[in-house]
Amino acid sequence: MKKIILLIIIVGGIYLLYNHFIAEPRQQLHEETANLSEAALRARQNEARQLLRIAYQKQQSYHAQHGKYTKNLDDLKVQTRGTFYKLESKSATFTNFEIRAIGNIDNDGILDVWVVDQNGNPYNLVDDVKKN
């Protein structure tokens, strides 16, 4: 009988510790990001446009010097990570390129994806704010 009571106390203690130190902080993080306004999320998307604008300018300089675009972001000497986004080079040839900024701006399962190509106009391929 004493062993059963001790087991119940230990399991109950573990359950309370889990709820207090693990489950509750996770729930708070989810609630904080869920409560971000659309305007706050759109502001975070500025980072993607800025990273892509710089990458575009570096690609144009690289093309002027080498006669082609590069897929290797290290060749561009460009910052590939921001607070919310990471740059990925998808393709590059003599005449065109595509670089993407991919990030999770609100800690959900949907990634926000921005693209810039040789035309220089960044566009939102997958809009995490709208949650298509």
# chains A, B, ... in the order shown; residues from 1 in each chain; ligands from 1
>>> residues_around(residues="A:Gly103", least_positions_apart="4", cutoff="10 Å", atoms="only C-alpha atoms", output="ChimeraX atom specification")
/A:44-45,47-48,81-87,107,110-114,128
>>> write_last_selection(atoms="N, CA and C atoms", output="mmCIF file, in the first residue's frame")
data_model
loop_
_atom_site.group_PDB
_atom_site.id
_atom_site.type_symbol
_atom_site.label_atom_id
_atom_site.label_comp_id
_atom_site.auth_asym_id
_atom_site.auth_seq_id
_atom_site.Cartn_x
_atom_site.Cartn_y
_atom_site.Cartn_z
ATOM 1 N N ARG A 44 7.448 42.045 -40.322
ATOM 2 C CA ARG A 44 8.497 41.025 -40.353
ATOM 3 C C ARG A 44 8.858 40.651 -41.780
ATOM 4 N N GLN A 45 7.896 40.743 -42.694
ATOM 5 C CA GLN A 45 8.164 40.408 -44.098
ATOM 6 C C GLN A 45 9.113 41.416 -44.743
ATOM 7 N N GLU A 47 11.932 42.152 -43.714
ATOM 8 C CA GLU A 47 13.254 41.533 -43.672
ATOM 9 C C GLU A 47 13.519 40.728 -44.938
ATOM 10 N N ALA A 48 12.535 39.967 -45.393
ATOM 11 C CA ALA A 48 12.699 39.160 -46.605
ATOM 12 C C ALA A 48 12.967 40.052 -47.803
ATOM 13 N N ARG A 81 21.308 34.949 -43.699
ATOM 14 C CA ARG A 81 20.352 34.751 -42.604
ATOM 15 C C ARG A 81 19.984 36.079 -41.971
ATOM 16 N N GLY A 82 18.692 36.169 -41.660
ATOM 17 C CA GLY A 82 18.200 37.294 -40.892
ATOM 18 C C GLY A 82 17.599 36.760 -39.608
ATOM 19 N N THR A 83 16.766 37.551 -38.988
ATOM 20 C CA THR A 83 16.102 37.114 -37.759
ATOM 21 C C THR A 83 15.052 36.055 -38.052
ATOM 22 N N PHE A 84 14.291 36.252 -39.117
ATOM 23 C CA PHE A 84 13.184 35.351 -39.444
ATOM 24 C C PHE A 84 13.382 34.575 -40.738
ATOM 25 N N TYR A 85 14.280 35.025 -41.619
ATOM 26 C CA TYR A 85 14.401 34.437 -42.952
ATOM 27 C C TYR A 85 15.805 33.928 -43.228
ATOM 28 N N LYS A 86 15.852 32.971 -44.145
ATOM 29 C CA LYS A 86 17.110 32.419 -44.645
ATOM 30 C C LYS A 86 17.048 32.459 -46.168
ATOM 31 N N LEU A 87 18.135 32.888 -46.806
ATOM 32 C CA LEU A 87 18.186 32.917 -48.272
ATOM 33 C C LEU A 87 18.610 31.567 -48.815
ATOM 34 N N ASN A 107 5.806 31.182 -36.057
ATOM 35 C CA ASN A 107 5.986 29.905 -35.359
ATOM 36 C C ASN A 107 4.838 28.929 -35.559
ATOM 37 N N ILE A 110 3.480 26.866 -41.295
ATOM 38 C CA ILE A 110 3.519 27.413 -42.649
ATOM 39 C C ILE A 110 4.731 28.325 -42.796
ATOM 40 N N LEU A 111 5.494 28.122 -43.865
ATOM 41 C CA LEU A 111 6.647 28.969 -44.139
ATOM 42 C C LEU A 111 6.243 30.110 -45.064
ATOM 43 N N ASP A 112 6.786 31.281 -44.805
ATOM 44 C CA ASP A 112 6.595 32.443 -45.660
ATOM 45 C C ASP A 112 7.719 32.417 -46.697
ATOM 46 N N VAL A 113 7.380 32.488 -47.981
ATOM 47 C CA VAL A 113 8.381 32.357 -49.041
ATOM 48 C C VAL A 113 8.307 33.564 -49.972
ATOM 49 N N TRP A 114 9.450 34.250 -50.110
ATOM 50 C CA TRP A 114 9.590 35.379 -51.020
ATOM 51 C C TRP A 114 10.620 35.022 -52.078
ATOM 52 N N ASP A 128 2.536 33.564 -45.508
ATOM 53 C CA ASP A 128 2.231 32.986 -44.192
ATOM 54 C C ASP A 128 1.226 33.837 -43.415
#
>>> select_by_dssp(residues="chain A", states="strand (DSSP E)", output="PDB file with N, CA and C atoms, in the first residue's frame")
ATOM      1  N   TYR A  85      14.280  35.025 -41.619  1.00  0.00           N
ATOM      2  CA  TYR A  85      14.401  34.437 -42.952  1.00  0.00           C
ATOM      3  C   TYR A  85      15.805  33.928 -43.228  1.00  0.00           C
ATOM      4  N   LYS A  86      15.852  32.971 -44.145  1.00  0.00           N
ATOM      5  CA  LYS A  86      17.110  32.419 -44.645  1.00  0.00           C
ATOM      6  C   LYS A  86      17.048  32.459 -46.168  1.00  0.00           C
ATOM      7  N   LEU A  87      18.135  32.888 -46.806  1.00  0.00           N
ATOM      8  CA  LEU A  87      18.186  32.917 -48.272  1.00  0.00           C
ATOM      9  C   LEU A  87      18.610  31.567 -48.815  1.00  0.00           C
ATOM     10  N   GLU A  88      17.982  31.196 -49.943  1.00  0.00           N
ATOM     11  CA  GLU A  88      18.354  29.997 -50.689  1.00  0.00           C
ATOM     12  C   GLU A  88      18.398  30.348 -52.162  1.00  0.00           C
ATOM     13  N   SER A  89      19.457  29.949 -52.829  1.00  0.00           N
ATOM     14  CA  SER A  89      19.558  30.142 -54.260  1.00  0.00           C
ATOM     15  C   SER A  89      18.971  28.921 -54.953  1.00  0.00           C
ATOM     16  N   LYS A  90      17.932  29.132 -55.744  1.00  0.00           N
ATOM     17  CA  LYS A  90      17.246  28.004 -56.399  1.00  0.00           C
ATOM     18  C   LYS A  90      17.838  27.698 -57.771  1.00  0.00           C
ATOM     19  N   SER A  91      18.253  28.728 -58.500  1.00  0.00           N
ATOM     20  CA  SER A  91      18.800  28.494 -59.832  1.00  0.00           C
ATOM     21  C   SER A  91      19.593  29.709 -60.285  1.00  0.00           C
ATOM     22  N   ALA A  92      20.488  29.483 -61.236  1.00  0.00           N
ATOM     23  CA  ALA A  92      21.258  30.572 -61.831  1.00  0.00           C
ATOM     24  C   ALA A  92      21.841  30.088 -63.159  1.00  0.00           C
ATOM     25  N   PHE A  97      18.185  34.099 -62.760  1.00  0.00           N
ATOM     26  CA  PHE A  97      18.431  33.475 -61.465  1.00  0.00           C
ATOM     27  C   PHE A  97      17.167  33.567 -60.628  1.00  0.00           C
ATOM     28  N   GLU A  98      17.141  32.770 -59.579  1.00  0.00           N
ATOM     29  CA  GLU A  98      16.052  32.853 -58.605  1.00  0.00           C
ATOM     30  C   GLU A  98      16.626  32.607 -57.217  1.00  0.00           C
ATOM     31  N   ILE A  99      16.366  33.563 -56.330  1.00  0.00           N
ATOM     32  CA  ILE A  99      16.769  33.445 -54.931  1.00  0.00           C
ATOM     33  C   ILE A  99      15.506  33.564 -54.090  1.00  0.00           C
ATOM     34  N   ARG A 100      15.414  32.722 -53.064  1.00  0.00           N
ATOM     35  CA  ARG A 100      14.241  32.734 -52.185  1.00  0.00           C
ATOM     36  C   ARG A 100      14.646  33.101 -50.759  1.00  0.00           C
ATOM     37  N   ALA A 101      13.755  33.816 -50.094  1.00  0.00           N
ATOM     38  CA  ALA A 101      13.870  34.075 -48.658  1.00  0.00           C
ATOM     39  C   ALA A 101      12.753  33.271 -48.009  1.00  0.00           C
ATOM     40  N   ILE A 102      13.128  32.360 -47.119  1.00  0.00           N
ATOM     41  CA  ILE A 102      12.163  31.443 -46.510  1.00  0.00           C
ATOM     42  C   ILE A 102      12.237  31.610 -45.001  1.00  0.00           C
ATOM     43  N   GLY A 103      11.068  31.778 -44.384  1.00  0.00           N
ATOM     44  CA  GLY A 103      11.054  31.939 -42.934  1.00  0.00           C
ATOM     45  C   GLY A 103       9.711  31.606 -42.328  1.00  0.00           C
ATOM     46  N   ASP A 112       6.786  31.281 -44.805  1.00  0.00           N
ATOM     47  CA  ASP A 112       6.595  32.443 -45.660  1.00  0.00           C
ATOM     48  C   ASP A 112       7.719  32.417 -46.697  1.00  0.00           C
ATOM     49  N   VAL A 113       7.380  32.488 -47.981  1.00  0.00           N
ATOM     50  CA  VAL A 113       8.381  32.357 -49.041  1.00  0.00           C
ATOM     51  C   VAL A 113       8.307  33.564 -49.972  1.00  0.00           C
ATOM     52  N   TRP A 114       9.450  34.250 -50.110  1.00  0.00           N
ATOM     53  CA  TRP A 114       9.590  35.379 -51.020  1.00  0.00           C
ATOM     54  C   TRP A 114      10.620  35.022 -52.078  1.00  0.00           C
ATOM     55  N   VAL A 115      10.446  35.570 -53.276  1.00  0.00           N
ATOM     56  CA  VAL A 115      11.321  35.255 -54.405  1.00  0.00           C
ATOM     57  C   VAL A 115      11.755  36.544 -55.087  1.00  0.00           C
ATOM     58  N   VAL A 116      13.013  36.573 -55.530  1.00  0.00           N
ATOM     59  CA  VAL A 116      13.485  37.629 -56.430  1.00  0.00           C
ATOM     60  C   VAL A 116      14.207  36.936 -57.581  1.00  0.00           C
ATOM     61  N   ASP A 117      14.074  37.519 -58.767  1.00  0.00           N
ATOM     62  CA  ASP A 117      14.760  36.977 -59.939  1.00  0.00           C
ATOM     63  C   ASP A 117      15.498  38.109 -60.634  1.00  0.00           C
ATOM     64  N   TYR A 123       8.579  39.071 -54.843  1.00  0.00           N
ATOM     65  CA  TYR A 123       7.158  38.777 -54.693  1.00  0.00           C
ATOM     66  C   TYR A 123       6.980  37.638 -53.706  1.00  0.00           C
ATOM     67  N   ASN A 124       5.805  37.597 -53.105  1.00  0.00           N
ATOM     68  CA  ASN A 124       5.481  36.621 -52.066  1.00  0.00           C
ATOM     69  C   ASN A 124       4.886  35.368 -52.709  1.00  0.00           C
ATOM     70  N   LEU A 125       5.647  34.296 -52.740  1.00  0.00           N
ATOM     71  CA  LEU A 125       5.199  33.042 -53.338  1.00  0.00           C
ATOM     72  C   LEU A 125       4.216  32.307 -52.417  1.00  0.00           C
ATOM     73  N   VAL A 126       4.542  32.238 -51.120  1.00  0.00           N
ATOM     74  CA  VAL A 126       3.654  31.641 -50.118  1.00  0.00           C
ATOM     75  C   VAL A 126       3.529  32.653 -48.992  1.00  0.00           C
TER      76      VAL A 126
END
>>> closest_residue(among="A:Asn119, A:Asp106, A:Lys77, A:Lys2", to="A:Ala43", atoms="only C-alpha atoms")
A:Asp106
>>> atom_distance(atom1="atom CA of A:Ala64", atom2="atom CA of A:Asn96")
12.9 Å
>>> closest_residue(among="A:Gln59, A:Ile105, A:Arg49, A:Leu76", to="A:Pro122", atoms="only C-alpha atoms")
A:Arg49
>>> closest_residue(among="A:Asn104, A:Lys3, A:Thr95, A:Gly12", to="A:His66", atoms="only C-alpha atoms")
A:Thr95
>>> residues_around(residues="A:Thr93", least_positions_apart="6", cutoff="10 Å", atoms="only C-alpha atoms", output="count of residues only")
6
